[in-house]
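Enquirer: To start, I am sharing the structure in question, which I have written as structure tokens.
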Amino acid sequence: MDGETVKAILFDLDNTLIETNRAGGFALEKTSDLLKSMLGLDDNAVVSVCDKFKQKLLQERFDPTAGRSIDEVREGHWKESIKETLGSCSSPSLAAQCYRLWKTSRLVLLSLSPEVRELLKQLRGRYKLLLLTNGEARTQKEKIEAAGCEAFFDAVVVGGDYAEQKPFISIFRQCFSMLQVEALDCVMVGDSLDTDIQGGFNAGVRATVWINSSGGSVPAGSVQPDYTITSVLDLPDILAQLK
């Protein structure tokens with residue numbers, strides 16, 4: 001890797017630049033309060049409903065050709081979670097209320113911190129920056145708008161707009177083309193070993209940087225990142241090593 005100049009940085013969005021997990025937890029707390037007030041549920045029942053919703057969200061495989069919007073699918077997750085816990089969903093509008101509250105509460109907290117904003121401003125003076133995020137297109141674009149991300153990047157690529165998402169090479173080649181750079185000109189930064197780091201490895205980037213906020217070790221059999229940091233704010237230290 002020595003001797004090559006870094007020209008571009010590809011950033012993941014969720015839990016790399018914005019705290020999506022924290023925002024999701026806040027949104028579930030708000031929705032829990034709604035369930036308690038509407039149905040008089042105890043804590044165990046509320047936890048069960050929310051855990052089921054989280055599981056459905058994690059297992060979600062959205063098909064845009066199936067005739068349902070992402071909002072309809074996720075409203076359905078709430079309806080099913082309530083029904084599976086209680087045996088029925090007594091109020092037809094309750095699932096819709098849960099979804100709207102969860103979605104709006106989550107978006108409120110999805111913002112770039114002042115420190116991350118300053119970091120991106122500084123980096124953009126020296127590198128080309130591209131935001132590369134997986135996920136359903138509408139959902140990710142709502143997050144990007146809520147966080148005010150777009151102004152900090154030379155290009156934004158949302159995986160849901162393309163046939164393949166990270167870790168497939170095709171979407172990385174799209175990014176390289178948009179920035180007019182080669183793979184070895186780029187660094188990939190993200191929190192997911194399976195998509196960000198594996199994708200960067202597959203695409204042959206100069207270096208991969210794993211955001212490991214939990215401090216855990218790389219699981220056996222997983223791709224090995226070139227560098228590991230606990231926060232994106234530590235990225236300048238890595239870039240200094242890559243000069």
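To be explicit about the labels: the chains of the structure tokens are called A, B, and onward in the order shown, and within each one the residues are counted from 1, while ligands get numbers from 1 in the order they are shown.
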Run DSSP on the backbone and give me the residues of segment 51-241 of chain A it puts in alpha helix (DSSP H), as a PyMOL selection string.

Expert: chain A and resi 51-58+70-86+94-109+114-124+137-147+169-179+198-203+235-241

Enquirer: Write out as a ChimeraX atom specification the residues lying within 10 Å of Val116 of chain A, counting only C-alpha atoms and excluding same-chain residues fewer than 5 positions away.

Expert: /A:16-18,111,121-122,231-233

Enquirer: Would you export the selected residues with N, CA, C and O atoms as a PDB file, in the first residue's frame, please?

Expert:
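To be explicit, this is the file written out as selection_15.pdb:
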```
ATOM      1  N   THR A  16     -21.894   5.099  11.374  1.00  0.00           N
ATOM      2  CA  THR A  16     -20.565   5.566  11.009  1.00  0.00           C
ATOM      3  C   THR A  16     -20.512   7.083  11.159  1.00  0.00           C
ATOM      4  O   THR A  16     -19.693   7.624  11.897  1.00  0.00           O
ATOM      5  N   LEU A  17     -21.440   7.754  10.480  1.00  0.00           N
ATOM      6  CA  LEU A  17     -21.536   9.216  10.571  1.00  0.00           C
ATOM      7  C   LEU A  17     -22.684   9.670  11.454  1.00  0.00           C
ATOM      8  O   LEU A  17     -22.628  10.748  12.049  1.00  0.00           O
ATOM      9  N   ILE A  18     -23.755   8.881  11.500  1.00  0.00           N
ATOM     10  CA  ILE A  18     -24.910   9.192  12.352  1.00  0.00           C
ATOM     11  C   ILE A  18     -25.188   8.012  13.264  1.00  0.00           C
ATOM     12  O   ILE A  18     -24.906   6.864  12.912  1.00  0.00           O
ATOM     13  N   SER A 111     -28.794  13.152  13.066  1.00  0.00           N
ATOM     14  CA  SER A 111     -28.102  14.365  12.633  1.00  0.00           C
ATOM     15  C   SER A 111     -26.596  14.172  12.762  1.00  0.00           C
ATOM     16  O   SER A 111     -26.120  13.361  13.559  1.00  0.00           O
ATOM     17  N   LYS A 121     -15.794  18.768   6.740  1.00  0.00           N
ATOM     18  CA  LYS A 121     -15.350  20.022   6.111  1.00  0.00           C
ATOM     19  C   LYS A 121     -13.843  20.004   5.889  1.00  0.00           C
ATOM     20  O   LYS A 121     -13.350  20.381   4.815  1.00  0.00           O
ATOM     21  N   GLN A 122     -13.107  19.587   6.904  1.00  0.00           N
ATOM     22  CA  GLN A 122     -11.648  19.554   6.786  1.00  0.00           C
ATOM     23  C   GLN A 122     -11.193  18.549   5.734  1.00  0.00           C
ATOM     24  O   GLN A 122     -10.305  18.839   4.919  1.00  0.00           O
ATOM     25  N   SER A 231     -14.124   5.545  16.629  1.00  0.00           N
ATOM     26  CA  SER A 231     -14.980   6.647  16.183  1.00  0.00           C
ATOM     27  C   SER A 231     -14.450   7.194  14.874  1.00  0.00           C
ATOM     28  O   SER A 231     -13.228   7.210  14.640  1.00  0.00           O
ATOM     29  N   VAL A 232     -15.351   7.662  14.039  1.00  0.00           N
ATOM     30  CA  VAL A 232     -14.935   8.260  12.774  1.00  0.00           C
ATOM     31  C   VAL A 232     -14.057   9.486  13.017  1.00  0.00           C
ATOM     32  O   VAL A 232     -13.261   9.877  12.148  1.00  0.00           O
ATOM     33  N   LEU A 233     -14.159  10.083  14.182  1.00  0.00           N
ATOM     34  CA  LEU A 233     -13.349  11.262  14.498  1.00  0.00           C
ATOM     35  C   LEU A 233     -11.864  10.931  14.581  1.00  0.00           C
ATOM     36  O   LEU A 233     -11.016  11.829  14.527  1.00  0.00           O
TER      37      LEU A 233
END
```

Enquirer: For Leu28 of chain A, find every residue with an atom within 12 Å (counting only C-alpha atoms), except residues of its own chain fewer than 6 positions away, and show them as a ChimeraX atom specification.

Expert: /A:21-22,34-35,46-54,78,98-106

Enquirer: Point out the residue among A:Thr228, A:Gln55, A:Asp154, A:Pro219 with the least atom-to-atom distance to Val189 of chain A, counting only C-alpha atoms.

Expert: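 Closest to Val189 of chain A, using only C-alpha atoms: A:Thr228.
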
Enquirer: Got a sec: who's within 6 Å of segment 132-135 of chain A, counting only C-alpha atoms, leaving out chain neighbours fewer than 2 positions off, as a ChimeraX atom specification?

Expert: /A:11-13,157-160

Enquirer: Given only C-alpha atoms as the basis, pick out the residue of A:Val73, A:Leu41, A:Leu112, A:Leu94 nearest to Thr20 of chain A.

Expert: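 Distance minimum relative to Thr20 of chain A lands on A:Leu112.
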
Enquirer: Find the spatial neighbours of Glu72 of chain A, counting only C-alpha atoms, within a cut-off of 12 Å - ignore same-chain residues fewer than 3 positions away - and output them as a ChimeraX atom specification.

Expert: /A:62-64,66-69,75-79,95-96,99-100

Enquirer: Grab the atom CA of Thr65 of chain A to atom CA of Glu164 of chain A distance for me, in Å with one decimal place.

Expert: 15.3 Å
